[in-house]
Amino acid sequence: MIIANDCVVAFHYTLTDEAGVEIDTSKGQEPLAYLHGHGGIIPGLERELTGKTIGDAMKVTVQPEDGYGELNAELIQAVPREAFQGVDQIEVGMQFQAQGAQGQVQTVVVKAVDDESVTVDANHPLAGQVLSFDVSIEEVRAASEEELSHGHVHGAGGHQH
């Protein structure tokens with residue numbers, strides 16, 4: 001079966017940055033399963049997997065605009081330290097939940113701290129990065145009606161209800 005919309009695809013991957021540093025991998029785990037054409041993986045990788053089949057292996061380079069987006073400077077802001085009431089020690093790299101502009105919950109990462117303010121970044125950690133995937137296709141099958149109606153894969157490597 002060829003990868004196309006509404007197929008369940010399972011693949012192993014190793015993700016590296018531009019310097020070749022490993023960011024993530026499925027080695028030693030179940031392959032990642034997703035419903036093709038439903039936005040379950042980044043667009044640049046999904047596009048490159050279209051038309052492939054079980055046993056295919058490839059290297060895919062994804063530019064920021066087809067991955068997690070460009071860095072958005074508006075998502076980096078200094079917040080008064082008082083906004084962190086109840087947190088005694090704030091350090092660079094800490095993560096907090098914050099309310100986004102449309103009321104959604106989003107994760108922010110502390111980038112800088114001084115006596116007056118805390119600089120936080122709500123960009124995805126991989127925003128602005130060129131990503132390299134080393135991929136091998138392990139399974140391709142037609143999605144079930146239930147998977148299509150739920151919009152995600154069920155069973156191994158997918159969502160468990």
# chains A, B, ... in the order shown; residues from 1 in each chain; ligands from 1
>>> residues_around(residues="region 55-72 of chain A", least_positions_apart="4", cutoff="10 Å", atoms="only C-alpha atoms", output="VMD selection string")
chain A and resid 11 to 18 41 to 49 76 121 to 140
>>> residues_around(residues="Val109 (chain A)", least_positions_apart="5", cutoff="8 Å", atoms="only C-alpha atoms", output="list in words")
Val92, Gly93, Met94, Gln95, Phe96, Val120, Asp121 and Ala122 of chain A
>>> write_last_selection(atoms="N, CA and C atoms", output="PDB file, in the first residue's frame")
ATOM      1  N   VAL A  92      16.567  30.032  34.447  1.00  0.00           N
ATOM      2  CA  VAL A  92      16.546  29.861  32.993  1.00  0.00           C
ATOM      3  C   VAL A  92      16.320  28.381  32.677  1.00  0.00           C
ATOM      4  N   GLY A  93      15.426  28.121  31.727  1.00  0.00           N
ATOM      5  CA  GLY A  93      15.117  26.752  31.317  1.00  0.00           C
ATOM      6  C   GLY A  93      13.857  26.195  31.961  1.00  0.00           C
ATOM      7  N   MET A  94      13.395  26.811  33.050  1.00  0.00           N
ATOM      8  CA  MET A  94      12.164  26.340  33.684  1.00  0.00           C
ATOM      9  C   MET A  94      10.994  26.542  32.737  1.00  0.00           C
ATOM     10  N   GLN A  95       9.990  25.670  32.858  1.00  0.00           N
ATOM     11  CA  GLN A  95       8.786  25.771  32.030  1.00  0.00           C
ATOM     12  C   GLN A  95       7.585  26.056  32.915  1.00  0.00           C
ATOM     13  N   PHE A  96       6.685  26.889  32.393  1.00  0.00           N
ATOM     14  CA  PHE A  96       5.455  27.232  33.086  1.00  0.00           C
ATOM     15  C   PHE A  96       4.295  27.159  32.097  1.00  0.00           C
ATOM     16  N   VAL A 120      10.196  35.241  29.027  1.00  0.00           N
ATOM     17  CA  VAL A 120       9.681  33.922  28.664  1.00  0.00           C
ATOM     18  C   VAL A 120       9.497  33.832  27.156  1.00  0.00           C
ATOM     19  N   ASP A 121       9.546  32.595  26.660  1.00  0.00           N
ATOM     20  CA  ASP A 121       9.426  32.331  25.231  1.00  0.00           C
ATOM     21  C   ASP A 121       8.341  31.276  25.037  1.00  0.00           C
ATOM     22  N   ALA A 122       7.289  31.628  24.273  1.00  0.00           N
ATOM     23  CA  ALA A 122       6.184  30.701  24.003  1.00  0.00           C
ATOM     24  C   ALA A 122       6.327  30.014  22.641  1.00  0.00           C
TER      25      ALA A 122
END
>>> atom_distance(atom1="CA of His38 (chain A)", atom2="CA of Val105 (chain A)")
22.2 Å
>>> select_by_dssp(residues="region 5-60 of chain A", states="strand (DSSP E)", output="list in words")
Cys7, Val8, Val9, Ala10, Phe11, His12, Tyr13, Thr14, Leu15, Thr16, Glu22, Ile23, Asp24, Thr25, Leu32, Ala33, Tyr34, Leu35, Ala57, Met58, Lys59 and Val60 of chain A
>>> residues_around(residues="region 152-155 of chain A", least_positions_apart="6", cutoff="7 Å", atoms="only C-alpha atoms", output="VMD selection string")
chain A and resid 8 33 to 35
>>> write_last_selection(atoms="N, CA, C and O atoms", output="PDB file, in the first residue's frame")
ATOM      1  N   VAL A   8      -3.039   4.835   7.780  1.00  0.00           N
ATOM      2  CA  VAL A   8      -2.265   4.811   9.019  1.00  0.00           C
ATOM      3  C   VAL A   8      -0.841   4.454   8.623  1.00  0.00           C
ATOM      4  O   VAL A   8      -0.617   3.482   7.892  1.00  0.00           O
ATOM      5  N   ALA A  33       3.181   6.195  15.025  1.00  0.00           N
ATOM      6  CA  ALA A  33       2.047   5.960  14.133  1.00  0.00           C
ATOM      7  C   ALA A  33       1.216   7.236  14.031  1.00  0.00           C
ATOM      8  O   ALA A  33       1.018   7.937  15.027  1.00  0.00           O
ATOM      9  N   TYR A  34       0.745   7.534  12.841  1.00  0.00           N
ATOM     10  CA  TYR A  34      -0.087   8.726  12.634  1.00  0.00           C
ATOM     11  C   TYR A  34      -1.063   8.474  11.494  1.00  0.00           C
ATOM     12  O   TYR A  34      -0.903   7.542  10.704  1.00  0.00           O
ATOM     13  N   LEU A  35      -2.065   9.324  11.404  1.00  0.00           N
ATOM     14  CA  LEU A  35      -3.077   9.254  10.350  1.00  0.00           C
ATOM     15  C   LEU A  35      -2.685  10.265   9.277  1.00  0.00           C
ATOM     16  O   LEU A  35      -2.723  11.477   9.501  1.00  0.00           O
TER      17      LEU A  35
END
>>> residues_around(residues="Arg141 (chain A)", least_positions_apart="3", cutoff="10 Å", atoms="only C-alpha atoms", output="list of chain:residue names")
A:Met1, A:Ile2, A:Ile3, A:Ala4, A:Asp6, A:Cys7, A:Val8, A:Val9, A:Ala10, A:Leu35, A:Thr53, A:Ile54, A:Ser144
>>> write_last_selection(atoms="N, CA and C atoms", output="PDB file, in the first residue's frame")
ATOM      1  N   MET A   1       0.842  -1.181   0.000  1.00  0.00           N
ATOM      2  CA  MET A   1       0.000   0.000   0.000  1.00  0.00           C
ATOM      3  C   MET A   1       0.889   1.247   0.000  1.00  0.00           C
ATOM      4  N   ILE A   2       0.502   2.238  -0.748  1.00  0.00           N
ATOM      5  CA  ILE A   2       1.232   3.501  -0.880  1.00  0.00           C
ATOM      6  C   ILE A   2       0.663   4.508   0.122  1.00  0.00           C
ATOM      7  N   ILE A   3       1.541   5.301   0.736  1.00  0.00           N
ATOM      8  CA  ILE A   3       1.094   6.312   1.700  1.00  0.00           C
ATOM      9  C   ILE A   3       0.304   7.394   0.977  1.00  0.00           C
ATOM     10  N   ALA A   4      -0.928   7.597   1.455  1.00  0.00           N
ATOM     11  CA  ALA A   4      -1.824   8.627   0.921  1.00  0.00           C
ATOM     12  C   ALA A   4      -2.750   9.065   2.058  1.00  0.00           C
ATOM     13  N   ASP A   6      -5.635   9.433   4.638  1.00  0.00           N
ATOM     14  CA  ASP A   6      -6.476   8.468   5.345  1.00  0.00           C
ATOM     15  C   ASP A   6      -5.821   7.107   5.531  1.00  0.00           C
ATOM     16  N   CYS A   7      -4.499   7.020   5.357  1.00  0.00           N
ATOM     17  CA  CYS A   7      -3.757   5.803   5.689  1.00  0.00           C
ATOM     18  C   CYS A   7      -3.165   5.959   7.088  1.00  0.00           C
ATOM     19  N   VAL A   8      -3.039   4.835   7.780  1.00  0.00           N
ATOM     20  CA  VAL A   8      -2.265   4.811   9.019  1.00  0.00           C
ATOM     21  C   VAL A   8      -0.841   4.454   8.623  1.00  0.00           C
ATOM     22  N   VAL A   9       0.103   5.259   9.085  1.00  0.00           N
ATOM     23  CA  VAL A   9       1.514   5.046   8.781  1.00  0.00           C
ATOM     24  C   VAL A   9       2.267   4.911  10.096  1.00  0.00           C
ATOM     25  N   ALA A  10       3.144   3.923  10.173  1.00  0.00           N
ATOM     26  CA  ALA A  10       4.037   3.779  11.325  1.00  0.00           C
ATOM     27  C   ALA A  10       5.467   3.823  10.792  1.00  0.00           C
ATOM     28  N   LEU A  35      -2.065   9.324  11.404  1.00  0.00           N
ATOM     29  CA  LEU A  35      -3.077   9.254  10.350  1.00  0.00           C
ATOM     30  C   LEU A  35      -2.685  10.265   9.277  1.00  0.00           C
ATOM     31  N   THR A  53       6.219   3.619   0.704  1.00  0.00           N
ATOM     32  CA  THR A  53       5.590   2.375   1.130  1.00  0.00           C
ATOM     33  C   THR A  53       6.464   1.661   2.161  1.00  0.00           C
ATOM     34  N   ILE A  54       5.951   0.560   2.697  1.00  0.00           N
ATOM     35  CA  ILE A  54       6.691  -0.217   3.703  1.00  0.00           C
ATOM     36  C   ILE A  54       8.069  -0.581   3.169  1.00  0.00           C
ATOM     37  N   SER A 144      -9.213   2.701   9.944  1.00  0.00           N
ATOM     38  CA  SER A 144     -10.569   2.225  10.214  1.00  0.00           C
ATOM     39  C   SER A 144     -11.531   3.409  10.222  1.00  0.00           C
TER      40      SER A 144
END
>>> select_by_dssp(residues="region 16-105 of chain A", states="alpha helix (DSSP H)", output="list in words")
Pro43, Gly44, Leu45, Glu46, Arg47, Glu48 and Leu49 of chain A
>>> atom_distance(atom1="CA of Gly39 (chain A)", atom2="CA of Gly151 (chain A)")
9.2 Å
>>> atom_distance(atom1="CA of Gly51 (chain A)", atom2="CA of Gly28 (chain A)")
26.3 Å
>>> residues_around(residues="Glu82 (chain A)", least_positions_apart="6", cutoff="12 Å", atoms="only C-alpha atoms", output="PyMOL selection string")
chain A and resi 88+90+114-118
>>> write_last_selection(atoms="N, CA and C atoms", output="CSV table (one decimal), in the first residue's frame")
chain,number,residue,atom,x,y,z
A,88,ASP,N,9.4,30.6,44.4
A,88,ASP,CA,10.5,31.3,45.1
A,88,ASP,C,11.8,31.4,44.2
A,90,ILE,N,13.2,31.1,40.4
A,90,ILE,CA,13.0,31.1,38.9
A,90,ILE,C,14.3,31.0,38.2
A,114,ASP,N,15.9,38.6,35.9
A,114,ASP,CA,16.6,39.6,36.6
A,114,ASP,C,15.7,40.0,37.8
A,115,ASP,N,16.0,41.0,38.6
A,115,ASP,CA,15.3,41.4,39.8
A,115,ASP,C,13.9,41.9,39.5
A,116,GLU,N,13.7,42.5,38.3
A,116,GLU,CA,12.4,43.1,37.9
A,116,GLU,C,11.5,42.2,37.1
A,117,SER,N,12.1,41.4,36.2
A,117,SER,CA,11.3,40.7,35.2
A,117,SER,C,11.8,39.3,34.9
A,118,VAL,N,11.0,38.5,34.2
A,118,VAL,CA,11.3,37.2,33.8
A,118,VAL,C,11.0,37.2,32.3
>>> closest_residue(among="A:Val79, A:Ala73, A:Val87, A:Ala98", to="Val113 (chain A)", atoms="only C-alpha atoms")
A:Val79
>>> closest_residue(among="A:Lys52, A:Val21, A:Gln89, A:Asn5", to="Gly40 (chain A)", atoms="only C-alpha atoms")
A:Asn5
